[in-house]
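Student: Structure provided below as structure tokens; questions to follow.
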Amino acid sequence: MQRFIVWIQAVLIPTLGPAGLFLVAFLDSSFLSIPEINDLLVITAAMKDPGTAWVSVVMATLGSLGGCLLLYGLGRRGGETLLLKRFGPEKTRRARETFEKYELLALAVPAVLPPPMPFKIFVLAAGVFQLSLRKFVITLLVARGLRYSGWAVVGVVYREEALRLLKSVDTWAAANLHLVLGGLGLGALGMALYWAWRRRHRAPVAPAGPS
């Protein structure tokens, strides 16, 4: 795998440029699994040319969305049987319960978090459990866009230290995934309570009087 990553960095990306990043992101989100490759490429591109870092963010985001759309379509066509064959009954049951309880967050949180947080099962599950295409696309554009934008900023600001920071963050997240998920869960709960409070206390609109 390390040789493949080196080949991507040394040959594919210099040859194809931003299109190469789109291709890698597409493949990583669909047929292949190359953990952290998109984060790494975005950081590297931002380090080399901060002025065009946004191009890498856009290409990585759109490429990832394209690969996820392929899995989403497979999920819609294959149904729950596809999840059962690919991931087994226990993971399928948990994916169903997660979507029933959290819906968009079930897709957004894995899209933002680094490995070992599973992601593709939730992309397939979004198709299987009929999450609307519009919600699917918007959720991934926002979540992936935030993720890659964050790493581009890290690459611009920290330069040579950025790759070490990427490794440190991924190592910490892997060791403390329960804390990360707990924090995100509390944040989501807080947002839900806030919006429920706003809706409850929103001033009623007075009916228009006779003209």
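Each chain in the structure tokens gets a letter, A, B and so on, in the order shown; residues start at 1 in every chain, and ligands are counted from 1 in the order they appear.
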Env of Ile138 in chain A: 12 Å cut, atoms = only C-alpha atoms, seq-sep filter 6 positions within chain, self excluded. Answer as a list in words.
Tutor: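 Residues near the query, excluding close chain neighbours: Thr61, Leu62, Leu65, Leu69, Leu104, Leu107, Ala108, Leu131, Ser132, Arg144 and Gly145 of chain A.
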Student: Using only C-alpha atoms, which residues sit within 7 Å of range 149-160 of chain A once same-chain residues fewer than 3 positions away are excluded, as a list in words?
Tutor: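 So, after excluding close chain neighbours, the residues are Asp39, Val42, Ile43, Thr44, Ala46, Met47, Pro50, Ala53, Val57, Gly145, Leu146 and Leu163 of chain A.
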Student: In Å to one decimal, how far is CA of Leu71 in chain A from CA of Ser56 in chain A?
Tutor: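 Separation between CA of Ser56 in chain A and CA of Leu71 in chain A: 22.7 Å.
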Student: Given the choices A:Arg164, A:Cys68, A:Glu100, A:Leu82, which gets closest to Phe136 in chain A if the distance is worked out from only C-alpha atoms?
Tutor: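 Closest to Phe136 in chain A, using only C-alpha atoms: A:Cys68.
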Student: Of the candidates A:Ile121, A:Ala106, A:Ile5, A:Ala95, which one gets nearest to Ser29 in chain A if we count only C-alpha atoms?
Tutor: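 Looking at the shortest contact to Ser29 in chain A, the residue is A:Ile121.
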Student: Compare A:Leu21, A:Arg93, A:Phe122, A:Lys48 by their minimum atom-to-atom distance to Ala60 in chain A, counting only C-alpha atoms, and give me the closest one.
Tutor: A:Leu21
